[in-house]
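The structure file run12.pdb is reproduced below (PDB, C-alpha atoms and all ligand atoms).
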```pdb
ATOM      1  CA  MET A   1       2.029  -3.917   6.333  1.00  0.00           C
ATOM      2  CA  ILE A   2       3.310  -3.151   9.809  1.00  0.00           C
ATOM      3  CA  LEU A   3       1.444  -0.086  11.111  1.00  0.00           C
ATOM      4  CA  GLU A   4       1.732   1.559  14.534  1.00  0.00           C
ATOM      5  CA  HIS A   5       0.148   4.841  15.613  1.00  0.00           C
ATOM      6  CA  ARG A   6       0.921   6.875  18.725  1.00  0.00           C
ATOM      7  CA  ALA A   7      -0.291  10.158  20.207  1.00  0.00           C
ATOM      8  CA  GLU A   8       0.888  12.164  23.218  1.00  0.00           C
ATOM      9  CA  ALA A   9      -0.093  15.302  25.147  1.00  0.00           C
ATOM     10  CA  PRO A  10      -0.482  18.201  24.616  1.00  0.00           C
ATOM     11  CA  PHE A  11      -1.580  17.941  20.968  1.00  0.00           C
ATOM     12  CA  PHE A  12      -2.568  14.236  20.737  1.00  0.00           C
ATOM     13  CA  LYS A  13      -1.370  14.276  17.160  1.00  0.00           C
ATOM     14  CA  ASN A  14      -0.911  10.905  15.474  1.00  0.00           C
ATOM     15  CA  GLY A  15       2.595   9.786  14.580  1.00  0.00           C
ATOM     16  CA  PHE A  16       3.072   6.580  12.584  1.00  0.00           C
ATOM     17  CA  VAL A  17       5.556   3.798  11.973  1.00  0.00           C
ATOM     18  CA  VAL A  18       4.891   1.941   8.715  1.00  0.00           C
ATOM     19  CA  GLY A  19       7.019  -1.068   7.825  1.00  0.00           C
ATOM     20  CA  CYS A  20       7.395  -3.823   5.264  1.00  0.00           C
ATOM     21  CA  GLU A  21       6.801  -7.192   6.935  1.00  0.00           C
ATOM     22  CA  GLU A  22       9.192  -8.904   4.491  1.00  0.00           C
ATOM     23  CA  THR A  23      12.234  -6.644   4.199  1.00  0.00           C
ATOM     24  CA  ARG A  24      11.884  -4.841   7.566  1.00  0.00           C
ATOM     25  CA  GLU A  25      12.400  -1.479   5.896  1.00  0.00           C
ATOM     26  CA  GLY A  26      10.068   1.246   7.085  1.00  0.00           C
ATOM     27  CA  ILE A  27       9.141   4.903   7.330  1.00  0.00           C
ATOM     28  CA  ILE A  28       8.120   7.273  10.110  1.00  0.00           C
ATOM     29  CA  VAL A  29       5.298   9.728   9.400  1.00  0.00           C
ATOM     30  CA  ASP A  30       4.994  13.030  11.329  1.00  0.00           C
ATOM     31  CA  PRO A  31       7.153  12.424  14.419  1.00  0.00           C
ATOM     32  CA  GLY A  32       5.962  14.779  17.184  1.00  0.00           C
ATOM     33  CA  ASP A  33       5.942  14.653  20.969  1.00  0.00           C
ATOM     34  CA  GLU A  34       5.281  10.878  20.790  1.00  0.00           C
ATOM     35  CA  VAL A  35       8.609  10.262  18.998  1.00  0.00           C
ATOM     36  CA  ASP A  36      10.074   8.075  21.773  1.00  0.00           C
ATOM     37  CA  LEU A  37       7.094   5.714  21.512  1.00  0.00           C
ATOM     38  CA  LEU A  38       7.575   5.546  17.735  1.00  0.00           C
ATOM     39  CA  LEU A  39      11.279   4.775  18.170  1.00  0.00           C
ATOM     40  CA  ALA A  40      10.369   1.968  20.601  1.00  0.00           C
ATOM     41  CA  ASP A  41       7.973   0.568  17.959  1.00  0.00           C
ATOM     42  CA  VAL A  42      10.778   0.691  15.401  1.00  0.00           C
ATOM     43  CA  ARG A  43      13.060  -1.318  17.692  1.00  0.00           C
ATOM     44  CA  ARG A  44      10.328  -3.802  18.681  1.00  0.00           C
ATOM     45  CA  HIS A  45       9.578  -4.602  15.021  1.00  0.00           C
ATOM     46  CA  GLY A  46      13.282  -4.679  14.088  1.00  0.00           C
ATOM     47  CA  LEU A  47      12.776  -2.054  11.377  1.00  0.00           C
ATOM     48  CA  THR A  48      15.350  -0.046   9.451  1.00  0.00           C
ATOM     49  CA  ILE A  49      13.788   3.373   8.835  1.00  0.00           C
ATOM     50  CA  THR A  50      14.777   4.816   5.465  1.00  0.00           C
ATOM     51  CA  MET A  51      12.658   8.004   5.395  1.00  0.00           C
ATOM     52  CA  ILE A  52      11.014  10.495   7.748  1.00  0.00           C
ATOM     53  CA  LEU A  53       7.964  11.738   5.818  1.00  0.00           C
ATOM     54  CA  LEU A  54       5.971  14.814   6.852  1.00  0.00           C
ATOM     55  CA  THR A  55       2.347  15.432   5.838  1.00  0.00           C
ATOM     56  CA  HIS A  56       2.799  19.152   6.621  1.00  0.00           C
ATOM     57  CA  ALA A  57       4.830  21.430   8.873  1.00  0.00           C
ATOM     58  CA  HIS A  58       2.545  22.565  11.704  1.00  0.00           C
ATOM     59  CA  LEU A  59       4.502  22.300  14.919  1.00  0.00           C
ATOM     60  CA  ASP A  60       2.583  19.347  16.395  1.00  0.00           C
ATOM     61  CA  HIS A  61       3.652  17.218  13.398  1.00  0.00           C
ATOM     62  CA  ILE A  62       7.356  18.054  13.501  1.00  0.00           C
ATOM     63  CA  THR A  63       8.483  18.479  17.124  1.00  0.00           C
ATOM     64  CA  GLY A  64      10.022  14.983  17.060  1.00  0.00           C
ATOM     65  CA  VAL A  65      11.913  15.327  13.770  1.00  0.00           C
ATOM     66  CA  ALA A  66      15.293  16.194  15.335  1.00  0.00           C
ATOM     67  CA  ARG A  67      15.085  13.276  17.758  1.00  0.00           C
ATOM     68  CA  ALA A  68      13.972  10.832  15.026  1.00  0.00           C
ATOM     69  CA  LYS A  69      16.677  11.940  12.625  1.00  0.00           C
ATOM     70  CA  GLN A  70      19.362  11.731  15.292  1.00  0.00           C
ATOM     71  CA  ALA A  71      18.252   8.231  16.331  1.00  0.00           C
ATOM     72  CA  LEU A  72      17.654   6.821  12.838  1.00  0.00           C
ATOM     73  CA  GLY A  73      19.903   8.811  10.484  1.00  0.00           C
ATOM     74  CA  ALA A  74      17.089   8.914   7.917  1.00  0.00           C
ATOM     75  CA  PRO A  75      16.417  11.897   5.606  1.00  0.00           C
ATOM     76  CA  VAL A  76      13.471  14.241   6.185  1.00  0.00           C
ATOM     77  CA  TRP A  77      10.945  14.870   3.395  1.00  0.00           C
ATOM     78  CA  LEU A  78       8.441  17.733   3.143  1.00  0.00           C
ATOM     79  CA  HIS A  79       6.481  19.605   0.471  1.00  0.00           C
ATOM     80  CA  ARG A  80       8.370  22.742  -0.559  1.00  0.00           C
ATOM     81  CA  ASP A  81       5.337  24.997   0.025  1.00  0.00           C
ATOM     82  CA  ASP A  82       5.429  24.228   3.769  1.00  0.00           C
ATOM     83  CA  ASN A  83       9.126  24.906   4.269  1.00  0.00           C
ATOM     84  CA  PHE A  84       8.420  28.453   5.524  1.00  0.00           C
ATOM     85  CA  LEU A  85       6.283  26.949   8.306  1.00  0.00           C
ATOM     86  CA  TYR A  86       8.956  24.350   9.055  1.00  0.00           C
ATOM     87  CA  GLU A  87      11.604  27.038   9.417  1.00  0.00           C
ATOM     88  CA  GLN A  88       9.297  29.051  11.714  1.00  0.00           C
ATOM     89  CA  VAL A  89       8.639  26.207  14.151  1.00  0.00           C
ATOM     90  CA  VAL A  90      10.007  28.185  17.116  1.00  0.00           C
ATOM     91  CA  GLN A  91       7.608  31.069  16.327  1.00  0.00           C
ATOM     92  CA  GLN A  92       4.746  28.580  15.861  1.00  0.00           C
ATOM     93  CA  GLY A  93       5.483  27.368  19.388  1.00  0.00           C
ATOM     94  CA  LEU A  94       5.292  30.906  20.769  1.00  0.00           C
ATOM     95  CA  MET A  95       1.825  31.300  19.192  1.00  0.00           C
ATOM     96  CA  PHE A  96       0.643  28.184  21.044  1.00  0.00           C
ATOM     97  CA  GLY A  97       2.551  29.019  24.224  1.00  0.00           C
ATOM     98  CA  VAL A  98       4.928  26.049  24.021  1.00  0.00           C
ATOM     99  CA  ARG A  99       8.721  26.049  23.802  1.00  0.00           C
ATOM    100  CA  VAL A 100       9.891  24.255  20.674  1.00  0.00           C
ATOM    101  CA  GLU A 101      13.447  23.701  19.471  1.00  0.00           C
ATOM    102  CA  ALA A 102      14.421  24.456  15.872  1.00  0.00           C
ATOM    103  CA  GLN A 103      14.442  21.273  13.764  1.00  0.00           C
ATOM    104  CA  PRO A 104      17.174  20.054  11.391  1.00  0.00           C
ATOM    105  CA  PRO A 105      16.828  21.246   7.766  1.00  0.00           C
ATOM    106  CA  VAL A 106      14.601  19.319   5.366  1.00  0.00           C
ATOM    107  CA  ASP A 107      16.680  16.960   3.180  1.00  0.00           C
ATOM    108  CA  HIS A 108      14.278  16.488   0.246  1.00  0.00           C
ATOM    109  CA  PHE A 109      11.206  18.199  -1.130  1.00  0.00           C
ATOM    110  CA  TYR A 110       8.510  15.980  -2.643  1.00  0.00           C
ATOM    111  CA  ASP A 111       8.000  17.958  -5.834  1.00  0.00           C
ATOM    112  CA  GLY A 112       9.519  16.473  -8.961  1.00  0.00           C
ATOM    113  CA  GLU A 113      10.006  13.080  -7.370  1.00  0.00           C
ATOM    114  CA  GLY A 114       8.332   9.877  -8.497  1.00  0.00           C
ATOM    115  CA  PRO A 115       6.781   7.455  -6.013  1.00  0.00           C
ATOM    116  CA  LEU A 116       8.957   6.724  -2.984  1.00  0.00           C
ATOM    117  CA  GLN A 117       9.621   3.159  -1.949  1.00  0.00           C
ATOM    118  CA  PHE A 118      10.392   1.149   1.188  1.00  0.00           C
ATOM    119  CA  GLY A 119      10.590  -2.633   1.103  1.00  0.00           C
ATOM    120  CA  ARG A 120       7.724  -3.942  -1.043  1.00  0.00           C
ATOM    121  CA  TYR A 121       5.673  -0.750  -0.622  1.00  0.00           C
ATOM    122  CA  THR A 122       5.355   2.491  -2.532  1.00  0.00           C
ATOM    123  CA  VAL A 123       4.405   5.925  -1.241  1.00  0.00           C
ATOM    124  CA  ARG A 124       2.589   8.165  -3.692  1.00  0.00           C
ATOM    125  CA  VAL A 125       2.632  11.795  -2.611  1.00  0.00           C
ATOM    126  CA  ARG A 126      -0.480  13.812  -3.502  1.00  0.00           C
ATOM    127  CA  HIS A 127      -0.500  17.566  -2.911  1.00  0.00           C
ATOM    128  CA  THR A 128      -3.578  18.509  -0.849  1.00  0.00           C
ATOM    129  CA  PRO A 129      -3.300  22.217   0.079  1.00  0.00           C
ATOM    130  CA  GLY A 130      -5.962  24.103   2.041  1.00  0.00           C
ATOM    131  CA  HIS A 131      -5.150  23.392   5.701  1.00  0.00           C
ATOM    132  CA  CYS A 132      -1.727  24.803   4.835  1.00  0.00           C
ATOM    133  CA  PRO A 133       0.012  25.442   1.498  1.00  0.00           C
ATOM    134  CA  GLY A 134       2.211  22.343   1.437  1.00  0.00           C
ATOM    135  CA  GLY A 135      -0.080  19.697   2.893  1.00  0.00           C
ATOM    136  CA  VAL A 136       0.139  16.261   1.260  1.00  0.00           C
ATOM    137  CA  CYS A 137      -1.604  12.908   1.366  1.00  0.00           C
ATOM    138  CA  LEU A 138       0.777   9.933   1.549  1.00  0.00           C
ATOM    139  CA  ALA A 139      -0.783   6.928  -0.210  1.00  0.00           C
ATOM    140  CA  VAL A 140       1.044   3.769   0.862  1.00  0.00           C
ATOM    141  CA  SER A 141       0.384   0.595  -1.088  1.00  0.00           C
ATOM    142  CA  ARG A 142       2.006  -2.722  -1.796  1.00  0.00           C
ATOM    143  CA  LEU A 143       3.940  -2.892  -5.058  1.00  0.00           C
ATOM    144  CA  ARG A 144       1.799  -4.215  -7.884  1.00  0.00           C
ATOM    145  CA  GLY A 145       2.412  -7.827  -8.859  1.00  0.00           C
ATOM    146  CA  GLU A 146       3.905  -8.651  -5.486  1.00  0.00           C
ATOM    147  CA  ALA A 147       1.794 -11.262  -3.720  1.00  0.00           C
ATOM    148  CA  ALA A 148       1.806 -11.174   0.063  1.00  0.00           C
ATOM    149  CA  PRO A 149       3.548 -14.191   1.592  1.00  0.00           C
ATOM    150  CA  ALA A 150       1.212 -16.862   2.948  1.00  0.00           C
ATOM    151  CA  GLY A 151      -0.215 -15.949   6.315  1.00  0.00           C
ATOM    152  CA  GLN A 152       0.860 -12.312   6.035  1.00  0.00           C
ATOM    153  CA  GLY A 153      -0.964  -9.495   4.392  1.00  0.00           C
ATOM    154  CA  ARG A 154      -4.397  -9.758   2.881  1.00  0.00           C
ATOM    155  CA  ASP A 155      -6.046  -9.620  -0.512  1.00  0.00           C
ATOM    156  CA  ASP A 156      -6.692  -5.914  -0.129  1.00  0.00           C
ATOM    157  CA  ASP A 157      -3.008  -5.093   0.251  1.00  0.00           C
ATOM    158  CA  ALA A 158      -3.036  -3.593  -3.242  1.00  0.00           C
ATOM    159  CA  SER A 159      -5.361  -0.759  -2.192  1.00  0.00           C
ATOM    160  CA  PRO A 160      -3.553   2.088  -0.453  1.00  0.00           C
ATOM    161  CA  VAL A 161      -3.679   3.304   3.117  1.00  0.00           C
ATOM    162  CA  LEU A 162      -3.868   7.099   3.196  1.00  0.00           C
ATOM    163  CA  PHE A 163      -2.043   9.325   5.672  1.00  0.00           C
ATOM    164  CA  VAL A 164      -3.868  12.612   5.157  1.00  0.00           C
ATOM    165  CA  GLY A 165      -2.404  14.858   7.852  1.00  0.00           C
ATOM    166  CA  ASP A 166      -4.911  17.487   8.989  1.00  0.00           C
ATOM    167  CA  THR A 167      -6.794  17.731   5.678  1.00  0.00           C
ATOM    168  CA  LEU A 168      -9.612  15.338   6.633  1.00  0.00           C
ATOM    169  CA  PHE A 169     -10.710  13.844   9.977  1.00  0.00           C
ATOM    170  CA  ALA A 170     -13.308  11.271  10.979  1.00  0.00           C
ATOM    171  CA  GLY A 171     -16.452  13.432  10.864  1.00  0.00           C
ATOM    172  CA  SER A 172     -14.611  16.705  10.361  1.00  0.00           C
ATOM    173  CA  ILE A 173     -12.192  18.638   8.173  1.00  0.00           C
ATOM    174  CA  GLY A 174      -8.985  20.567   8.815  1.00  0.00           C
ATOM    175  CA  ARG A 175      -9.048  24.130  10.118  1.00  0.00           C
ATOM    176  CA  THR A 176      -8.272  26.841   7.600  1.00  0.00           C
ATOM    177  CA  ASP A 177      -7.773  29.849   9.898  1.00  0.00           C
ATOM    178  CA  LEU A 178      -4.010  29.318  10.307  1.00  0.00           C
ATOM    179  CA  LEU A 179      -1.346  30.920   8.125  1.00  0.00           C
ATOM    180  CA  GLY A 180      -1.818  29.914   4.479  1.00  0.00           C
ATOM    181  CA  GLY A 181      -5.124  28.123   5.108  1.00  0.00           C
ATOM    182  CA  ASP A 182      -8.004  28.408   2.615  1.00  0.00           C
ATOM    183  CA  LEU A 183     -11.392  26.662   2.861  1.00  0.00           C
ATOM    184  CA  PRO A 184     -12.322  26.405  -0.870  1.00  0.00           C
ATOM    185  CA  THR A 185      -8.842  24.998  -1.556  1.00  0.00           C
ATOM    186  CA  LEU A 186      -9.217  22.474   1.277  1.00  0.00           C
ATOM    187  CA  LEU A 187     -12.620  21.284   0.021  1.00  0.00           C
ATOM    188  CA  ARG A 188     -11.228  20.933  -3.506  1.00  0.00           C
ATOM    189  CA  SER A 189      -8.284  18.854  -2.212  1.00  0.00           C
ATOM    190  CA  ILE A 190     -10.663  16.526  -0.363  1.00  0.00           C
ATOM    191  CA  ARG A 191     -13.158  16.164  -3.218  1.00  0.00           C
ATOM    192  CA  GLU A 192     -10.686  15.925  -6.112  1.00  0.00           C
ATOM    193  CA  VAL A 193      -7.755  14.091  -4.505  1.00  0.00           C
ATOM    194  CA  LEU A 194      -8.911  12.140  -1.435  1.00  0.00           C
ATOM    195  CA  PHE A 195     -12.364  11.229  -2.782  1.00  0.00           C
ATOM    196  CA  SER A 196     -10.771   9.824  -5.957  1.00  0.00           C
ATOM    197  CA  TYR A 197      -9.913   6.739  -3.870  1.00  0.00           C
ATOM    198  CA  PRO A 198     -12.383   3.839  -3.455  1.00  0.00           C
ATOM    199  CA  ASP A 199     -14.833   3.751  -0.543  1.00  0.00           C
ATOM    200  CA  ASP A 200     -12.972   1.000   1.319  1.00  0.00           C
ATOM    201  CA  THR A 201      -9.703   2.991   1.412  1.00  0.00           C
ATOM    202  CA  VAL A 202      -8.451   3.319   4.993  1.00  0.00           C
ATOM    203  CA  VAL A 203      -7.687   6.873   6.108  1.00  0.00           C
ATOM    204  CA  TRP A 204      -5.385   7.820   8.976  1.00  0.00           C
ATOM    205  CA  SER A 205      -5.680  11.464   9.975  1.00  0.00           C
ATOM    206  CA  GLY A 206      -3.290  13.635  11.925  1.00  0.00           C
ATOM    207  CA  HIS A 207      -5.605  13.563  14.924  1.00  0.00           C
ATOM    208  CA  GLY A 208      -8.212  11.067  16.151  1.00  0.00           C
ATOM    209  CA  GLU A 209      -9.310   7.657  14.961  1.00  0.00           C
ATOM    210  CA  GLN A 210      -8.981   6.019  11.582  1.00  0.00           C
ATOM    211  CA  THR A 211     -11.831   6.221   9.091  1.00  0.00           C
ATOM    212  CA  THR A 212     -12.502   5.295   5.458  1.00  0.00           C
ATOM    213  CA  ILE A 213     -13.093   7.328   2.314  1.00  0.00           C
ATOM    214  CA  GLY A 214     -16.575   5.797   1.999  1.00  0.00           C
ATOM    215  CA  ARG A 215     -17.620   6.721   5.533  1.00  0.00           C
ATOM    216  CA  GLU A 216     -16.518  10.341   5.077  1.00  0.00           C
ATOM    217  CA  ARG A 217     -18.069  10.575   1.604  1.00  0.00           C
ATOM    218  CA  ARG A 218     -21.414   9.407   3.034  1.00  0.00           C
ATOM    219  CA  SER A 219     -21.550  11.012   6.474  1.00  0.00           C
ATOM    220  CA  ASN A 220     -19.008  13.807   6.985  1.00  0.00           C
ATOM    221  CA  PRO A 221     -21.242  16.841   7.709  1.00  0.00           C
ATOM    222  CA  PHE A 222     -18.759  19.228   6.085  1.00  0.00           C
ATOM    223  CA  LEU A 223     -18.798  17.309   2.808  1.00  0.00           C
ATOM    224  CA  THR A 224     -22.317  15.952   2.300  1.00  0.00           C
ATOM    225  CA  ARG A 225     -23.843  19.328   1.471  1.00  0.00           C
TER     226      ARG A 225
HETATM  227 ZN    ZN B   1      -1.940  21.007  10.970  1.00  0.00          ZN
HETATM  228 ZN    ZN B   2      -2.136  18.686  13.621  1.00  0.00          ZN
END
```
Re-express the file's structure as structure tokens.
Ligand SMILES: [Zn+2]
Ligand SMILES: [Zn+2]
Amino acid sequence: MILEHRAEAPFFKNGFVVGCEETREGIIVDPGDEVDLLLADVRRHGLTITMILLTHAHLDHITGVARAKQALGAPVWLHRDDNFLYEQVVQQGLMFGVRVEAQPPVDHFYDGEGPLQFGRYTVRVRHTPGHCPGGVCLAVSRLRGEAAPAGQGRDDDASPVLFVGDTLFAGSIGRTDLLGGDLPTLLRSIREVLFSYPDDTVVWSGHGEQTTIGRERRSNPFLTR
């Protein structure tokens, strides 16, 4: 798996490029103010991006969508329950005191769709509301029965990498005081959806460093009570 992460001021929100090392197909997750760095990563790895996937529609996660779509021509995916936030991105900017352009319309909603695919990888979309109504976890894993070519990939390629947006952070959890946020719902999403994955599952959050399900299960102060 090719995996690049980038973050830029003012929000230092993580944007990701994920690619298949064999077919050179890839996805972009949550393009924000760091979108130009992500596009440079795409070029450097020689990737063809087939989808722009959003974990949720808070402004820091979507300010680069227009630029990414224009550069790559790939469709934008979002959970339907966050479309009202997506369409209010200009107003979200006013709340945070930043000027944000309206973004192009969402092309596909996740609901009703089976697993998505790029190259030899699948993306399973798990609804994890609580931080916002349409938050999702994107679980990216290598297709079953597909051995990694010699010298590339590792034995653990079959276990997914999770892109959890702002639901769970290393040592913390997402805020629930924004529009549509709800703490009991957030805790249920973490315990029932995210914690259903094995301890060694790698977690990439919308902000900060990577962690694992096991580390958060054992030591996250919001979840060990
Ligand atoms: Zn958020
Ligand atoms: Zn965020």
Per residue of chain A within 7 Å of ligand ZN 2 (chain B), what are the shortest atom pair and its distance in Å to one decimal, counting all atoms listed in the file, with rows by chain and residue number, as a tab-separated table?
```
residue	atom	partner	partner_atom	distance
A:Lys13	CA	B:ZN2	ZN	5.7
A:His58	CA	B:ZN2	ZN	6.4
A:Asp60	CA	B:ZN2	ZN	5.5
A:His61	CA	B:ZN2	ZN	6.0
A:Gly165	CA	B:ZN2	ZN	6.9
A:Asp166	CA	B:ZN2	ZN	5.5
A:Gly206	CA	B:ZN2	ZN	5.5
A:His207	CA	B:ZN2	ZN	6.3
```
Find the residues near A:Val125: any atom within 7 Å, counting all atoms listed in the file, skip ones fewer than 2 places away on the same chain, and give them as an mmCIF file with C-alpha atoms, in the coordinates of the input.
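Below is the file that was written, around-v2.cif:
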```cif
data_model
loop_
_atom_site.group_PDB
_atom_site.id
_atom_site.type_symbol
_atom_site.label_atom_id
_atom_site.label_comp_id
_atom_site.auth_asym_id
_atom_site.auth_seq_id
_atom_site.Cartn_x
_atom_site.Cartn_y
_atom_site.Cartn_z
ATOM 1 C CA PRO A 115 6.781 7.455 -6.013
ATOM 2 C CA VAL A 123 4.405 5.925 -1.241
ATOM 3 C CA HIS A 127 -0.500 17.566 -2.911
ATOM 4 C CA VAL A 136 0.139 16.261 1.260
ATOM 5 C CA CYS A 137 -1.604 12.908 1.366
ATOM 6 C CA LEU A 138 0.777 9.933 1.549
ATOM 7 C CA ALA A 139 -0.783 6.928 -0.210
#
```
Write out, as a Markdown table, each residue of chain A that has an atom at most 12 Å from ligand ZN 1 (chain B), together with the closest pair of atoms and their distance in Å to one decimal, counting all atoms listed in the file, rows going by chain and rising number.
```
| residue | atom | partner | partner_atom | distance |
| --- | --- | --- | --- | --- |
| A:Phe11 | CA | B:ZN1 | ZN | 10.5 |
| A:Phe12 | CA | B:ZN1 | ZN | 11.9 |
| A:Lys13 | CA | B:ZN1 | ZN | 9.2 |
| A:Asn14 | CA | B:ZN1 | ZN | 11.1 |
| A:Asp30 | CA | B:ZN1 | ZN | 10.6 |
| A:Gly32 | CA | B:ZN1 | ZN | 11.8 |
| A:Leu54 | CA | B:ZN1 | ZN | 10.9 |
| A:Thr55 | CA | B:ZN1 | ZN | 8.7 |
| A:His56 | CA | B:ZN1 | ZN | 6.7 |
| A:Ala57 | CA | B:ZN1 | ZN | 7.1 |
| A:His58 | CA | B:ZN1 | ZN | 4.8 |
| A:Leu59 | CA | B:ZN1 | ZN | 7.7 |
| A:Asp60 | CA | B:ZN1 | ZN | 7.3 |
| A:His61 | CA | B:ZN1 | ZN | 7.2 |
| A:Ile62 | CA | B:ZN1 | ZN | 10.1 |
| A:Asp82 | CA | B:ZN1 | ZN | 10.8 |
| A:Leu85 | CA | B:ZN1 | ZN | 10.5 |
| A:Tyr86 | CA | B:ZN1 | ZN | 11.6 |
| A:Gln92 | CA | B:ZN1 | ZN | 11.2 |
| A:Pro129 | CA | B:ZN1 | ZN | 11.0 |
| A:Gly130 | CA | B:ZN1 | ZN | 10.3 |
| A:His131 | CA | B:ZN1 | ZN | 6.6 |
| A:Cys132 | CA | B:ZN1 | ZN | 7.2 |
| A:Pro133 | CA | B:ZN1 | ZN | 10.6 |
| A:Gly134 | CA | B:ZN1 | ZN | 10.5 |
| A:Gly135 | CA | B:ZN1 | ZN | 8.4 |
| A:Val136 | CA | B:ZN1 | ZN | 11.0 |
| A:Val164 | CA | B:ZN1 | ZN | 10.4 |
| A:Gly165 | CA | B:ZN1 | ZN | 6.9 |
| A:Asp166 | CA | B:ZN1 | ZN | 5.0 |
| A:Thr167 | CA | B:ZN1 | ZN | 7.9 |
| A:Leu168 | CA | B:ZN1 | ZN | 10.5 |
| A:Phe169 | CA | B:ZN1 | ZN | 11.4 |
| A:Ile173 | CA | B:ZN1 | ZN | 10.9 |
| A:Gly174 | CA | B:ZN1 | ZN | 7.4 |
| A:Arg175 | CA | B:ZN1 | ZN | 7.8 |
| A:Thr176 | CA | B:ZN1 | ZN | 9.2 |
| A:Asp177 | CA | B:ZN1 | ZN | 10.6 |
| A:Leu178 | CA | B:ZN1 | ZN | 8.6 |
| A:Leu179 | CA | B:ZN1 | ZN | 10.3 |
| A:Gly180 | CA | B:ZN1 | ZN | 11.0 |
| A:Gly181 | CA | B:ZN1 | ZN | 9.8 |
| A:Ser205 | CA | B:ZN1 | ZN | 10.3 |
| A:Gly206 | CA | B:ZN1 | ZN | 7.6 |
| A:His207 | CA | B:ZN1 | ZN | 9.2 |
```
For the residues in that selection, give me C-alpha atoms as an mmCIF file, in the frame of the given file.
```
data_model
loop_
_atom_site.group_PDB
_atom_site.id
_atom_site.type_symbol
_atom_site.label_atom_id
_atom_site.label_comp_id
_atom_site.auth_asym_id
_atom_site.auth_seq_id
_atom_site.Cartn_x
_atom_site.Cartn_y
_atom_site.Cartn_z
ATOM 1 C CA PHE A 11 -1.580 17.941 20.968
ATOM 2 C CA PHE A 12 -2.568 14.236 20.737
ATOM 3 C CA LYS A 13 -1.370 14.276 17.160
ATOM 4 C CA ASN A 14 -0.911 10.905 15.474
ATOM 5 C CA ASP A 30 4.994 13.030 11.329
ATOM 6 C CA GLY A 32 5.962 14.779 17.184
ATOM 7 C CA LEU A 54 5.971 14.814 6.852
ATOM 8 C CA THR A 55 2.347 15.432 5.838
ATOM 9 C CA HIS A 56 2.799 19.152 6.621
ATOM 10 C CA ALA A 57 4.830 21.430 8.873
ATOM 11 C CA HIS A 58 2.545 22.565 11.704
ATOM 12 C CA LEU A 59 4.502 22.300 14.919
ATOM 13 C CA ASP A 60 2.583 19.347 16.395
ATOM 14 C CA HIS A 61 3.652 17.218 13.398
ATOM 15 C CA ILE A 62 7.356 18.054 13.501
ATOM 16 C CA ASP A 82 5.429 24.228 3.769
ATOM 17 C CA LEU A 85 6.283 26.949 8.306
ATOM 18 C CA TYR A 86 8.956 24.350 9.055
ATOM 19 C CA GLN A 92 4.746 28.580 15.861
ATOM 20 C CA PRO A 129 -3.300 22.217 0.079
ATOM 21 C CA GLY A 130 -5.962 24.103 2.041
ATOM 22 C CA HIS A 131 -5.150 23.392 5.701
ATOM 23 C CA CYS A 132 -1.727 24.803 4.835
ATOM 24 C CA PRO A 133 0.012 25.442 1.498
ATOM 25 C CA GLY A 134 2.211 22.343 1.437
ATOM 26 C CA GLY A 135 -0.080 19.697 2.893
ATOM 27 C CA VAL A 136 0.139 16.261 1.260
ATOM 28 C CA VAL A 164 -3.868 12.612 5.157
ATOM 29 C CA GLY A 165 -2.404 14.858 7.852
ATOM 30 C CA ASP A 166 -4.911 17.487 8.989
ATOM 31 C CA THR A 167 -6.794 17.731 5.678
ATOM 32 C CA LEU A 168 -9.612 15.338 6.633
ATOM 33 C CA PHE A 169 -10.710 13.844 9.977
ATOM 34 C CA ILE A 173 -12.192 18.638 8.173
ATOM 35 C CA GLY A 174 -8.985 20.567 8.815
ATOM 36 C CA ARG A 175 -9.048 24.130 10.118
ATOM 37 C CA THR A 176 -8.272 26.841 7.600
ATOM 38 C CA ASP A 177 -7.773 29.849 9.898
ATOM 39 C CA LEU A 178 -4.010 29.318 10.307
ATOM 40 C CA LEU A 179 -1.346 30.920 8.125
ATOM 41 C CA GLY A 180 -1.818 29.914 4.479
ATOM 42 C CA GLY A 181 -5.124 28.123 5.108
ATOM 43 C CA SER A 205 -5.680 11.464 9.975
ATOM 44 C CA GLY A 206 -3.290 13.635 11.925
ATOM 45 C CA HIS A 207 -5.605 13.563 14.924
#
```
query = Got a sec to check which residues sit within 10 Å of (13.4, 13.2, 1.5), counting all atoms listed in the file, and write them as a list in words?
reply =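 Result, sorted by chain then residue number: Thr50, Met51, Ile52, Leu53, Leu54, Ala74, Pro75, Val76, Trp77, Leu78, His79, Val106, Asp107, His108, Phe109, Tyr110, Glu113 and Leu116 of chain A.
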query = Which value, in Å to one decimal, gives the distance between atom CA of A:Asp199 and atom CA of A:Ile213?
reply =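 Result for atom CA of A:Asp199 versus atom CA of A:Ile213: 4.9 Å, one decimal.
Using only C-alpha atoms, the shortest contact distance between A:Phe96 and any of A:Ala66, A:Pro198, A:Pro10, A:Arg225 is found at A:Pro10.
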Can you list, as a PDB file with C-alpha atoms, in the frame of the given file, the residues that the PyMOL selection byres (((chain A and resi 119) around 7) and not hetatm) selects here?
```
ATOM      1  CA  CYS A  20       7.395  -3.823   5.264  1.00  0.00           C
ATOM      2  CA  THR A  23      12.234  -6.644   4.199  1.00  0.00           C
ATOM      3  CA  ARG A  24      11.884  -4.841   7.566  1.00  0.00           C
ATOM      4  CA  GLU A  25      12.400  -1.479   5.896  1.00  0.00           C
ATOM      5  CA  GLN A 117       9.621   3.159  -1.949  1.00  0.00           C
ATOM      6  CA  PHE A 118      10.392   1.149   1.188  1.00  0.00           C
ATOM      7  CA  ARG A 120       7.724  -3.942  -1.043  1.00  0.00           C
ATOM      8  CA  TYR A 121       5.673  -0.750  -0.622  1.00  0.00           C
TER       9      TYR A 121
END
```
message = So, with all atoms listed in the file as the atoms that count, which of A:Asn220, A:Ser159, A:Gln91, A:Thr48 lies closest to A:Leu72?
response =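 Looking only at the distances to A:Leu72, the closest residue turns out to be A:Thr48.
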